[in-house]
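Taking it in order: structure first as structure tokens, then the write-up.
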Amino acid sequence: MDSNYLPGKIGAALQGLSCGDVLGRSYEFLSRSEIREMFPEIIDWNGGTHNQPKGTYTDDTCLTLCLADSLCNGFNLEDIADKFVRWYFEGLWAADGKTVFDIGISTRKAIDRLRDGVSPLCSGDSDVYSNGNGSLMRILPLIFYTKDMEIGQRFELTKQVSGITHAHIRSVISCFYYLELARYLLSGICKFEAYRQTNLIVREYLQTINVEDKELKHFDILFSGNIAELPEELINSSGYVIDTLEASVYCLLTTQSFKEAALKAVRFGLDTDTTSAVTSGLTSLIYGLKGIPNEWLENLARREEIMTLANRLAESLRASTKN
């Protein structure tokens, strides 16, 4: 893949994900029916669920930016974990530079362990009940670092980064699936072919590393290849990682623009910020920065710093390919 495209792609991904997050923040925890009845128009507005100023993003974006920031200096799991700790305790990459809100239980517990000296290889919960979407929501920048690696390396680094907070194989596979789909979208092929290829390569690879069938079954709806044909009523949008992954792929495949996909994700209700952020991360790779509404970008907190971060990461990756 040509490294010349990186600043634009990374910039679109970071800002697109952030805008999706901002859009969904105000409606978080509202049901699908409540949103449809109460809000004929989805906008970024002051207050909302978390009573935050317009343009404020949540932990989804904060941790995404922490990961991107760390990758500017290469891959170092300890440094990624340190930046997560600094976010939680010092406000690193917080929208206003200080306020931390909306942190998930598993993420908070993992960061507390990291602060206490636990290795990031052991900090994340690995039980079956710890499969929230807290690692999926922040994993996107990793694809820019791993995109040209062999699939085994891509899986291993995804496993490590997810495992900082969410170490169960279901969360790891969800992150891996998402990044493999992002990788195909980066290559420029159409979204339906990207979806088809992702299903093939992910299922084949997971079988080669002997992932149990009982875990693979949790991905049956995605692996079916026809998720876009399902009625919306069958698509869930809770904080469960599978729900978020399915909803994001569904929104990607059933819409024709960045804005339409983000709005659809929010209208699903419940974990609206993460569903929209994860969806927007994917759609930004198709529609680019020009596809994101100007009014969303203009109000995005710390936008200039996010653009600078994207350029730093792109330059770092370009430099590493020359060495």
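Each chain in the structure tokens gets a letter, A, B, ..., in the order shown, and its residues are numbered from 1; ligands are numbered from 1 in order too.
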Inset, instruction - Excluding Leu309 in chain A and any residue of its chain fewer than 2 positions from it, enumerate the residues within 12 Å of it, using only C-alpha atoms, and give them as a ChimeraX atom specification. - result: /A:7-8,10-15,64-73,93,141,302-307,311-316
Inset, instruction - Quote the spacing between CA of Ala265 in chain A and CA of Lys214 in chain A in Å to one decimal place. - result: 28.3 Å
Inset, instruction - Output as an MDAnalysis selection string all residues of range 81-272 of chain A that backbone DSSP marks as strand (DSSP E or B). - result: chainID A and resid 125 132 166 240
Inset, instruction - Identify, with DSSP run on backbone atoms, the residues in range 77-291 of chain A assigned to helix (DSSP H, G or I), and express the list as a ChimeraX atom specification. - result: /A:77-90,105-115,136-138,142-146,151-163,169-186,191-208,213-223,227-229,232-234,241-253,258-267,272-287,289-291
Inset, instruction - Compile the contact shell of Met38 in chain A as a list in words: residues with an atom at most 12 Å away, counting only C-alpha atoms, same-chain residues fewer than 4 positions apart removed. - result: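 Answer for this query is Tyr27, Leu30, Ser31, Arg32, Ser33, Glu34, Ile42, Arg267 and Gly269 of chain A.
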Store the residues picked out above, limited to N, CA and C atoms, as a PDB file, in the first residue's frame.
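For reference, part-v7.pdb as written:
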ATOM      1  N   TYR A  27     -26.925  10.878  23.181  1.00  0.00           N
ATOM      2  CA  TYR A  27     -28.090   9.983  23.160  1.00  0.00           C
ATOM      3  C   TYR A  27     -27.820   8.646  23.852  1.00  0.00           C
ATOM      4  N   LEU A  30     -30.290   5.849  25.726  1.00  0.00           N
ATOM      5  CA  LEU A  30     -31.674   5.944  25.294  1.00  0.00           C
ATOM      6  C   LEU A  30     -32.005   4.748  24.398  1.00  0.00           C
ATOM      7  N   SER A  31     -33.206   4.240  24.498  1.00  0.00           N
ATOM      8  CA  SER A  31     -33.594   3.105  23.673  1.00  0.00           C
ATOM      9  C   SER A  31     -33.848   3.549  22.233  1.00  0.00           C
ATOM     10  N   ARG A  32     -33.931   2.603  21.357  1.00  0.00           N
ATOM     11  CA  ARG A  32     -34.218   2.878  19.950  1.00  0.00           C
ATOM     12  C   ARG A  32     -35.551   3.610  19.793  1.00  0.00           C
ATOM     13  N   SER A  33     -36.538   3.137  20.502  1.00  0.00           N
ATOM     14  CA  SER A  33     -37.862   3.757  20.391  1.00  0.00           C
ATOM     15  C   SER A  33     -37.866   5.159  20.984  1.00  0.00           C
ATOM     16  N   GLU A  34     -37.143   5.374  22.086  1.00  0.00           N
ATOM     17  CA  GLU A  34     -37.086   6.705  22.690  1.00  0.00           C
ATOM     18  C   GLU A  34     -36.444   7.707  21.741  1.00  0.00           C
ATOM     19  N   ILE A  42     -31.083  13.997  14.546  1.00  0.00           N
ATOM     20  CA  ILE A  42     -29.920  13.708  15.382  1.00  0.00           C
ATOM     21  C   ILE A  42     -28.886  14.796  15.150  1.00  0.00           C
ATOM     22  N   ARG A 267     -29.265   6.046  15.815  1.00  0.00           N
ATOM     23  CA  ARG A 267     -30.692   5.714  15.916  1.00  0.00           C
ATOM     24  C   ARG A 267     -30.937   4.289  16.400  1.00  0.00           C
ATOM     25  N   GLY A 269     -29.783   3.291  19.118  1.00  0.00           N
ATOM     26  CA  GLY A 269     -29.974   3.473  20.546  1.00  0.00           C
ATOM     27  C   GLY A 269     -28.947   2.765  21.404  1.00  0.00           C
TER      28      GLY A 269
END
Inset, instruction - Find the spatial neighbours of Asp271 in chain A, counting only C-alpha atoms, within a cut-off of 6 Å - ignore same-chain residues fewer than 4 positions away - and output them as number ranges by chain. - result: A: 28-29, 238-239
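Look at Lys159 in chain A: the protein and nucleic acid residues within 9 Å of it, using only C-alpha atoms and passing over chain neighbours fewer than 3 places away, are Arg154, Phe155, Glu156, Ser162, Gly163, Ile164, Ala167, Ile169, Ser171, Val172, Ile173, Cys175 and Phe176 of chain A.
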Just write the chosen residues, C-alpha atoms, as an mmCIF file, in the first residue's frame.
data_model
loop_
_atom_site.group_PDB
_atom_site.id
_atom_site.type_symbol
_atom_site.label_atom_id
_atom_site.label_comp_id
_atom_site.auth_asym_id
_atom_site.auth_seq_id
_atom_site.Cartn_x
_atom_site.Cartn_y
_atom_site.Cartn_z
ATOM 1 C CA ARG A 154 -1.498 -8.771 12.775
ATOM 2 C CA PHE A 155 -3.454 -11.127 14.986
ATOM 3 C CA GLU A 156 -0.808 -11.223 17.712
ATOM 4 C CA SER A 162 -7.097 -5.625 23.006
ATOM 5 C CA GLY A 163 -5.834 -7.593 25.983
ATOM 6 C CA ILE A 164 -4.686 -4.499 27.835
ATOM 7 C CA ALA A 167 -8.372 -10.275 26.980
ATOM 8 C CA ILE A 169 -10.806 -14.432 22.862
ATOM 9 C CA SER A 171 -13.066 -9.496 22.230
ATOM 10 C CA VAL A 172 -9.770 -10.271 20.515
ATOM 11 C CA ILE A 173 -11.526 -11.839 17.515
ATOM 12 C CA CYS A 175 -10.994 -6.466 17.147
ATOM 13 C CA PHE A 176 -9.213 -8.687 14.631
#
Give me the residues of range 184-224 of chain A that have any atom at most 7 Å from an atom of range 244-253 of chain A; for each, the nearest atom pair and the distance in Å, rounded to one decimal. Use only C-alpha atoms, sort by chain and number, and format it as a Markdown table.
| residue | atom | partner | partner_atom | distance |
| --- | --- | --- | --- | --- |
| A:Lys191 | CA | A:Leu253 | CA | 6.8 |
| A:Phe192 | CA | A:Leu253 | CA | 6.9 |
| A:Leu222 | CA | A:Glu246 | CA | 6.7 |
Name all residues at most 8 Å from Gly55 in chain A (count only C-alpha atoms; drop same-chain ones fewer than 3 positions away) and give them as a PDB file with N, CA and C atoms, in the first residue's frame.
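Result file result-v8.pdb:
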ATOM      1  N   CYS A  19     -15.921  12.218  15.381  1.00  0.00           N
ATOM      2  CA  CYS A  19     -17.220  12.848  15.087  1.00  0.00           C
ATOM      3  C   CYS A  19     -18.371  11.886  15.351  1.00  0.00           C
ATOM      4  N   VAL A  22     -18.818  11.848  19.093  1.00  0.00           N
ATOM      5  CA  VAL A  22     -19.464  13.085  19.546  1.00  0.00           C
ATOM      6  C   VAL A  22     -20.963  13.036  19.270  1.00  0.00           C
ATOM      7  N   ASP A  44     -25.441  17.163  17.171  1.00  0.00           N
ATOM      8  CA  ASP A  44     -24.509  17.306  18.292  1.00  0.00           C
ATOM      9  C   ASP A  44     -24.990  18.493  19.113  1.00  0.00           C
ATOM     10  N   TRP A  45     -25.406  18.242  20.337  1.00  0.00           N
ATOM     11  CA  TRP A  45     -25.972  19.321  21.140  1.00  0.00           C
ATOM     12  C   TRP A  45     -25.367  19.365  22.535  1.00  0.00           C
ATOM     13  N   TRP A 296     -19.803  19.131  11.633  1.00  0.00           N
ATOM     14  CA  TRP A 296     -19.328  18.200  12.651  1.00  0.00           C
ATOM     15  C   TRP A 296     -17.849  18.440  12.918  1.00  0.00           C
ATOM     16  N   ASN A 299     -16.946  21.733  14.935  1.00  0.00           N
ATOM     17  CA  ASN A 299     -17.228  21.750  16.371  1.00  0.00           C
ATOM     18  C   ASN A 299     -16.439  20.712  17.161  1.00  0.00           C
ATOM     19  N   LEU A 300     -15.676  19.864  16.476  1.00  0.00           N
ATOM     20  CA  LEU A 300     -14.960  18.787  17.143  1.00  0.00           C
ATOM     21  C   LEU A 300     -13.884  19.329  18.081  1.00  0.00           C
ATOM     22  N   ALA A 301     -13.940  18.925  19.342  1.00  0.00           N
ATOM     23  CA  ALA A 301     -12.939  19.361  20.319  1.00  0.00           C
ATOM     24  C   ALA A 301     -11.538  18.926  19.883  1.00  0.00           C
TER      25      ALA A 301
END
Inset, instruction - To one decimal in Å, tell me the separation between CA of Phe258 in chain A and CA of Thr275 in chain A. - result: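 Straight-line distance from CA of Phe258 in chain A to CA of Thr275 in chain A works out to 13.5 Å.
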Inset, instruction - Quick one: pull the distance between CA of Gly291 in chain A and CA of Lys147 in chain A, Å, one decimal. - result: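 Those two atoms sit 23.1 Å apart.
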Legend entry - Best match for closeness to Asp127 in chain A among A:Pro231, A:Glu78, A:Thr274, A:His168, counting only C-alpha atoms: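 That would be A:His168, the residue with the smallest distance to Asp127 in chain A.
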